[in-house]
Amino acid sequence: MKKTIILIISIIVIIIGLLIYSFFNFSTEKEQTVNIINEIYPEEEISEEQNFETEIKLFFTESTSNILIPEIRKINSKELISNPYLYVLNLLIQGPKENKYINEIPKGTKVNDIKFEKGILFIDLSEEFLNSSGVNSIYSIVNTICQFNEIEKIKITINGENKTGLTEYFTKN
C-alpha cells in the first residue's frame, strides 16, 4: 500500500514538473518568436519608387587606365519590361554620368533594330558606330548587355550588314 502511494505521489510530482517545464519553455519560445517577428519590420517605410528600383552596370572606359569599368545606375525596373536590351543600350549610348569615364560609342549612333533568338542578341546599329575608336566600343556594349542571363552571345551589324571587325559573335570580356 505504501508503495502504491509513493508511486502515485511520484507520478503526480513528475506530471507537475513537466507542466511547469513546458509552461516556461513555451513562454521562452513565444518571446523568441515575437523577437523574430519584430526584427522583420523595416525601420522606415519603403516608397513605391524604391520598391521598383534596380541596379544595372553600364561599361565605360576609365580615362586614366583605358580599361572598361562599370558605372552603376539605379533605374526603375518598370522601364525594363517592354524591351530591356534597347533601354539599357540607349542608356549606354547616352554616355556616363561621371566625368572619369569616356563613352567609346560615337555620338549620333542609333539602334536600328534589336532581336533576341536562342541565346543570341542581334544588334543593328547606324553607320556612326563605324567611327568608334576600337575594341572598347564593342565590349562596352557586350559587357553591358551580357548582364542579362539569357544572353550568351551578341552579333553586331551596321545598317543590316556585316562590317570588318564585326563579323564574329561576341561574348563577355
# chains A, B, ... in the order shown; residues from 1 in each chain; ligands from 1

call {"tool": "select_by_dssp", "arguments": {"residues": "region 80-152 of chain A", "states": "strand (DSSP E or B)", "output": "MDAnalysis selection string"}}
result
chainID A and resid 101:102 111:117 120:125

call {"tool": "residues_around", "arguments": {"residues": "Lys78 (chain A)", "least_positions_apart": "4", "cutoff": "10 Å", "atoms": "only C-alpha atoms", "output": "ChimeraX atom specification"}}
result
/A:52-54,82,84

call {"tool": "select_by_dssp", "arguments": {"residues": "region 69-173 of chain A", "states": "alpha helix (DSSP H)", "output": "PyMOL selection string"}}
result
chain A and resi 84-94+135-145

call {"tool": "write_last_selection", "arguments": {"atoms": "C-alpha atoms", "output": "mmCIF file, in the first residue's frame"}}
result
data_model
loop_
_atom_site.group_PDB
_atom_site.id
_atom_site.type_symbol
_atom_site.label_atom_id
_atom_site.label_comp_id
_atom_site.auth_asym_id
_atom_site.auth_seq_id
_atom_site.Cartn_x
_atom_site.Cartn_y
_atom_site.Cartn_z
ATOM 1 C CA PRO A 84 15.175 45.738 -71.660
ATOM 2 C CA TYR A 85 18.031 45.396 -74.163
ATOM 3 C CA LEU A 86 17.042 48.510 -76.093
ATOM 4 C CA TYR A 87 16.510 50.522 -72.904
ATOM 5 C CA VAL A 88 19.926 49.623 -71.449
ATOM 6 C CA LEU A 89 21.686 50.071 -74.793
ATOM 7 C CA ASN A 90 20.191 53.559 -75.167
ATOM 8 C CA LEU A 91 21.411 54.442 -71.645
ATOM 9 C CA LEU A 92 24.881 53.271 -72.683
ATOM 10 C CA ILE A 93 24.799 55.340 -75.882
ATOM 11 C CA GLN A 94 23.802 58.430 -73.878
ATOM 12 C CA VAL A 135 37.542 47.248 -79.260
ATOM 13 C CA ASN A 136 36.365 49.127 -76.160
ATOM 14 C CA SER A 137 33.327 50.414 -78.055
ATOM 15 C CA ILE A 138 32.319 46.847 -78.920
ATOM 16 C CA TYR A 139 32.963 45.442 -75.461
ATOM 17 C CA SER A 140 31.227 48.320 -73.690
ATOM 18 C CA ILE A 141 28.084 47.076 -75.469
ATOM 19 C CA VAL A 142 28.852 43.379 -74.974
ATOM 20 C CA ASN A 143 29.728 43.615 -71.268
ATOM 21 C CA THR A 144 26.713 45.823 -70.567
ATOM 22 C CA ILE A 145 24.198 43.629 -72.405
#

call {"tool": "residues_around", "arguments": {"residues": "Gln147 (chain A)", "least_positions_apart": "5", "cutoff": "9 Å", "atoms": "only C-alpha atoms", "output": "ChimeraX atom specification"}}
result
/A:56-57,142,172

call {"tool": "write_last_selection", "arguments": {"atoms": "all heavy atoms", "output": "PDB file, in the first residue's frame"}}
result
ATOM      1  N   ILE A  56      21.820  48.510 -62.526  1.00  0.00           N
ATOM      2  CA  ILE A  56      22.431  47.937 -63.726  1.00  0.00           C
ATOM      3  C   ILE A  56      23.849  48.489 -63.837  1.00  0.00           C
ATOM      4  O   ILE A  56      24.176  49.511 -63.238  1.00  0.00           O
ATOM      5  CB  ILE A  56      21.635  48.254 -65.011  1.00  0.00           C
ATOM      6  CG1 ILE A  56      21.523  49.767 -65.208  1.00  0.00           C
ATOM      7  CG2 ILE A  56      20.283  47.603 -65.004  1.00  0.00           C
ATOM      8  CD1 ILE A  56      21.093  50.153 -66.583  1.00  0.00           C
ATOM      9  N   LYS A  57      24.662  47.800 -64.625  1.00  0.00           N
ATOM     10  CA  LYS A  57      26.032  48.247 -64.865  1.00  0.00           C
ATOM     11  C   LYS A  57      26.152  48.650 -66.324  1.00  0.00           C
ATOM     12  O   LYS A  57      25.802  47.883 -67.211  1.00  0.00           O
ATOM     13  CB  LYS A  57      27.025  47.120 -64.584  1.00  0.00           C
ATOM     14  CG  LYS A  57      27.056  46.667 -63.156  1.00  0.00           C
ATOM     15  CD  LYS A  57      27.987  45.484 -62.997  1.00  0.00           C
ATOM     16  CE  LYS A  57      27.894  44.909 -61.603  1.00  0.00           C
ATOM     17  NZ  LYS A  57      28.676  43.680 -61.476  1.00  0.00           N
ATOM     18  N   VAL A 142      28.923  44.805 -75.311  1.00  0.00           N
ATOM     19  CA  VAL A 142      28.852  43.379 -74.974  1.00  0.00           C
ATOM     20  C   VAL A 142      28.796  43.175 -73.464  1.00  0.00           C
ATOM     21  O   VAL A 142      27.936  42.452 -72.952  1.00  0.00           O
ATOM     22  CB  VAL A 142      30.044  42.616 -75.594  1.00  0.00           C
ATOM     23  CG1 VAL A 142      30.090  41.185 -75.106  1.00  0.00           C
ATOM     24  CG2 VAL A 142      29.972  42.671 -77.112  1.00  0.00           C
ATOM     25  N   LYS A 172      31.057  38.046 -73.396  1.00  0.00           N
ATOM     26  CA  LYS A 172      31.556  38.970 -72.379  1.00  0.00           C
ATOM     27  C   LYS A 172      33.066  38.819 -72.180  1.00  0.00           C
ATOM     28  O   LYS A 172      33.591  37.730 -72.156  1.00  0.00           O
ATOM     29  CB  LYS A 172      30.841  38.733 -71.042  1.00  0.00           C
ATOM     30  CG  LYS A 172      31.154  39.797 -70.031  1.00  0.00           C
ATOM     31  CD  LYS A 172      30.265  39.668 -68.826  1.00  0.00           C
ATOM     32  CE  LYS A 172      30.566  40.794 -67.864  1.00  0.00           C
ATOM     33  NZ  LYS A 172      29.702  40.772 -66.712  1.00  0.00           N
TER      34      LYS A 172
END

call {"tool": "residues_around", "arguments": {"residues": "Leu121 (chain A)", "least_positions_apart": "2", "cutoff": "9 Å", "atoms": "only C-alpha atoms", "output": "MDAnalysis selection string"}}
result
chainID A and resid 85 114:119 123 145 151:156

call {"tool": "closest_residue", "arguments": {"among": "A:Thr164, A:Glu127, A:Asn112, A:Pro70", "to": "Lys97 (chain A)", "atoms": "only C-alpha atoms"}}
result
A:Pro70

call {"tool": "closest_residue", "arguments": {"among": "A:Cys146, A:Ile105, A:Ile8, A:Leu68", "to": "Glu128 (chain A)", "atoms": "only C-alpha atoms"}}
result
A:Ile105

call {"tool": "residues_around", "arguments": {"residues": "Glu55 (chain A)", "least_positions_apart": "2", "cutoff": "9 Å", "atoms": "only C-alpha atoms", "output": "list in words"}}
result
Glu53, Lys57, Ile72, Arg73, Lys74, Ile75, Asn76 and Ser77 of chain A

call {"tool": "atom_distance", "arguments": {"atom1": "CA of Asn103 (chain A)", "atom2": "CA of Phe60 (chain A)"}}
result
5.7 Å

call {"tool": "closest_residue", "arguments": {"among": "A:Ser126, A:Asn131, A:Ser10, A:Ser63", "to": "Glu161 (chain A)", "atoms": "only C-alpha atoms"}}
result
A:Ser126
